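Trainee: What follows is a single structure, and I will ask about it in a moment.
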Amino acid sequence: MNLWSAIDIGLKEIRANKARSILTMLGVILGVASLVAMSAMTKGMENGMKESLVAAGGLATIRIEHEDDLPLHQRHLVDRAKGVTLHDVYALQESAPLVYQITPLIERWGFRSGVNVSYGGKRMRPYKFAGSWPDIISIEQHIIEHGRMFTQFDDDEARSVCVIGTDIRNDLFGDPEELGRTVVPIGETIFVNNQPLTIVGMFQHYESEAFRKRKEEAKREAELAKAEGREPKETRMRDEFIFRLKNRSIYIPLNTMLIKFKNDDDAPIGDDAHLTTLKMKIRDIEHLEPAIQQAYNVLMHTHQGILDFEFRTKEDDAEEVGAAIKNARRSGGIIAAISLIVGGIGIMNIMLASITERVREIGIRKSVGATTLDVFVQILVESVVISFIGGALGLAASVGLIETLRILTPTANAPMLTAPPMILAFGCSVAVGVIAGLFPAIKASKLQPIEALKYG
């Protein structure tokens, strides 16, 4: 018996027992679909993570923050702990050559510290209200679309100027999509906690690539619905937090923040001015550890050995998210493997049942010249045909499942379908068919013609 005849017989057996064959394939279909869908979801998460890291300044950015919880052996020095100050910035500039860009930051988070912004009767809260130096624009990967960034002169004079994100403009001056025109509020004066600030610049609108594609799809669907006279379907979408944060931020000169937005009247203004954060960049990611050690040595000197500061790097965030993705991939793989094993058991079961029904037929074939190998190949090929069709249906089901996930959970980390997981999942389904068919094929090939002809 040639291979094509064996495949033809396998297809006839499937057609003859449609319901039983579909139920047998179900485990394989679910296993393949879940494996591909999980891979697509983790790929979407990975892409979103990479975009967020770049938007936040990349792996070469180091963040130094105040640490309230001193080590146990230094708890008695808590009154001397000043945290990160402007003096640290100048010390690092002089004594840490591996760090080429250092910028102080005083950050106030609108939803925690009560920062209110108003204009013409409209009020809103920014995600971030920060005082810094002009070079914060390069460290945090900002791009000015309209106007300009505040300058060193603005900082020296503590001028009441600010640069805003697009969501600040949208809430106070109107959303261009709703107005049908672009609003550029350069020169307008807004009030932050009743302090006037003149807008001198506005950042570009930030959004992830996946979110942009989802918005375009939603827009096309709305236009199509309108053309057909249908009510457009409401789609609620939220981009990654880092992009929303950048769009909903206000930046002012550091001295303006220190003088006009002090929380404490006794707070120092000069070199001893308290900072919430100090950000710095290194030229080469390979020098990350030496740069951190160099900065640590400088700060240990300026802080007189008190460990009231901590380092945060994007590498830490990347490792945390990478570990989460790896765990998700592993969990999804286990679930898919269980489904495939169940599918394999189903295939083995149906092949054993098929052999029981066809014992006399196998006896007749052997008695007229079919060899043991012919019977073995026929049963094995039938098993592989079932798993092959199940794998193909599983791939089709995975495409539908991924599209359903995109509709139900329209986030920036949309599932991304790629070829390698599909090939792997299909290969696993065929392998399951081969393994599941071995025992029934061996059992059928060992049947003795005389005993088989007596059966039934």
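Here, A, B, ... name the chains of the structure tokens in the order displayed, residue numbers run from 1 inside each chain, and ligands are numbered from 1 in the same displayed order.
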Name the residues in contact with range 100-115 of chain A at a cut-off of 8 Å, using only C-alpha atoms, excluding same-chain residues fewer than 5 positions from it; report them as JSON, numbers by chain.
Mentor: {"A": [86, 89, 92, 93, 125, 126, 127, 128, 129, 130, 131, 132, 133, 135, 136, 139, 192, 193, 254, 257, 275, 276, 277, 278, 279, 280, 281, 282, 283]}
Trainee: Keeping C-alpha atoms, export the residues of the selection given above as a CSV table (one decimal), in the first residue's frame.
Mentor:
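What follows is the written file again-v2.csv:
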chain,number,residue,atom,x,y,z
A,86,LEU,CA,21.2,69.9,44.2
A,89,VAL,CA,24.1,67.0,41.0
A,92,LEU,CA,28.4,64.1,40.2
A,93,GLN,CA,29.1,66.5,37.3
A,125,ARG,CA,-5.2,67.5,37.2
A,126,PRO,CA,-2.0,66.6,35.4
A,127,TYR,CA,-0.3,63.2,36.0
A,128,LYS,CA,3.0,65.0,36.5
A,129,PHE,CA,4.0,68.5,37.4
A,130,ALA,CA,7.8,68.8,37.4
A,131,GLY,CA,10.5,71.4,37.8
A,132,SER,CA,13.8,70.7,36.1
A,133,TRP,CA,16.6,71.9,33.9
A,135,ASP,CA,18.1,69.1,29.3
A,136,ILE,CA,15.4,67.0,30.8
A,139,ILE,CA,16.9,62.5,29.1
A,192,VAL,CA,-1.3,75.9,38.5
A,193,ASN,CA,-2.5,76.1,42.1
A,254,LEU,CA,13.6,74.2,38.5
A,257,MET,CA,9.4,75.3,41.2
A,275,LEU,CA,15.0,67.0,45.0
A,276,THR,CA,12.6,64.1,44.5
A,277,THR,CA,14.7,62.6,41.7
A,278,LEU,CA,18.0,62.9,40.0
A,279,LYS,CA,18.3,61.5,36.5
A,280,MET,CA,21.4,60.8,34.6
A,281,LYS,CA,22.5,59.1,31.4
A,282,ILE,CA,25.5,57.1,30.4
A,283,ARG,CA,27.1,56.9,26.9
Trainee: Excluding Thr372 in chain A and any residue of its chain fewer than 3 positions from it, enumerate the residues within 9 Å of it, using only C-alpha atoms, and give them as a count of residues only.
Mentor: 9
Trainee: Considering only C-alpha atoms, state which residue in the set A:Ile22, A:Leu401, A:Ile62, A:Leu245 is at the smallest distance from Phe311 in chain A.
Mentor: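 Smallest separation from Phe311 in chain A among the options: A:Ile62.
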Trainee: Find, counting only C-alpha atoms, the residue in A:Ile407, A:Ala436, A:Asn194, A:Val28 that gets nearest to Arg214 in chain A.
Mentor: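 Closest residue, counting only C-alpha atoms: A:Ile407.
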Trainee: Go through A:Leu340, A:Ile306, A:Met348, A:Ile186 and flag the residue nearest Asp79 in chain A, using only C-alpha atoms for the distances.
Mentor: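 Among the listed residues, the smallest separation from Asp79 in chain A belongs to A:Ile306.
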Trainee: Run DSSP on the backbone and give me the residues of range 155-241 of chain A it puts in alpha helix (DSSP H), as an MDAnalysis selection string.
Mentor: chainID A and resid 155:156 166:173 176:179 209:227 241
Trainee: Work out how far apart CA of Ile386 in chain A and CA of Val36 in chain A are and give it in Å to one decimal.
Mentor: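 Result for CA of Ile386 in chain A versus CA of Val36 in chain A: 19.4 Å, one decimal.
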Trainee: Go through A:Gly165, A:Gly201, A:Pro176, A:Gly343 one by one, measure the shortest atom-to-atom distance of each to Thr151 in chain A using only C-alpha atoms, and give the residue with the smallest value.
Mentor: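 Ranked by minimum distance to Thr151 in chain A, first place goes to A:Gly201.
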Trainee: Looking at only C-alpha atoms, which of A:Lys215, A:Tyr119, A:Ala392, A:Ile199 is the one that sits closest to Phe173 in chain A?
Mentor: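 When distances to Phe173 in chain A are compared using only C-alpha atoms, the smallest one comes from A:Tyr119.
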Trainee: Leaving out range 285-294 of chain A and any residue of its chain fewer than 6 positions from it, which residues lie within 10 Å of it when counting only C-alpha atoms, given as a ChimeraX atom specification?
Mentor: /A:58-62,64,92,95-99,311-313,315
Trainee: At a cut-off of 10 Å, using only C-alpha atoms, what residues contact range 412-425 of chain A? Leave out same-chain residues fewer than 2 positions from it and give the result as a PyMOL selection string.
Mentor: chain A and resi 28+31-49+207-215+237-241+336-337+340+391-392+394-395+398-399+402-403+405-407+409-410+427-431
Trainee: Assign secondary structure with DSSP using the backbone only, and return the residues of range 285-372 of chain A in strand (DSSP E) as a PyMOL selection string.
Mentor: chain A and resi 309-313
Trainee: Kindly export the residues of the current selection with N, CA and C atoms, as a JSON list (two decimals), in the first residue's frame.
Mentor:
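Result file is selection_20.json:
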[["chain", "number", "residue", "atom", "x", "y", "z"],
["A", 309, "PHE", "N", 19.62, 57.19, 49.82],
["A", 309, "PHE", "CA", 19.35, 57.29, 48.39],
["A", 309, "PHE", "C", 19.34, 55.89, 47.80],
["A", 310, "GLU", "N", 18.69, 55.74, 46.65],
["A", 310, "GLU", "CA", 18.66, 54.45, 45.96],
["A", 310, "GLU", "C", 18.72, 54.67, 44.45],
["A", 311, "PHE", "N", 19.24, 53.66, 43.75],
["A", 311, "PHE", "CA", 19.36, 53.71, 42.30],
["A", 311, "PHE", "C", 18.25, 52.87, 41.67],
["A", 312, "ARG", "N", 17.67, 53.43, 40.62],
["A", 312, "ARG", "CA", 16.69, 52.68, 39.82],
["A", 312, "ARG", "C", 17.10, 52.79, 38.36],
["A", 313, "THR", "N", 17.16, 51.65, 37.69],
["A", 313, "THR", "CA", 17.51, 51.65, 36.27],
["A", 313, "THR", "C", 16.39, 51.00, 35.47]]
Trainee: Contacts of Leu258 in chain A at 8 Å or less, counting only C-alpha atoms, minus same-chain residues fewer than 2 places along, as number ranges by chain?
Mentor: A: 131, 254-256, 260-262, 269, 273
Trainee: Rounded to one decimal place, report the CA of Asp175 in chain A-CA of Ile190 in chain A distance in Å.
Mentor: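 It comes out at 16.6 Å.
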Trainee: So which one's closest to Arg244 in chain A, A:Arg360, A:Arg230, A:His76, A:His205? Using only C-alpha atoms, please.
Mentor: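 Among the listed residues, the smallest separation from Arg244 in chain A belongs to A:His205.
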Trainee: Please report the interatomic distance between CA of Val163 in chain A and CA of Pro185 in chain A in Å with one decimal.
Mentor: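 Computed distance, CA of Val163 in chain A to CA of Pro185 in chain A, equals 10.5 Å.
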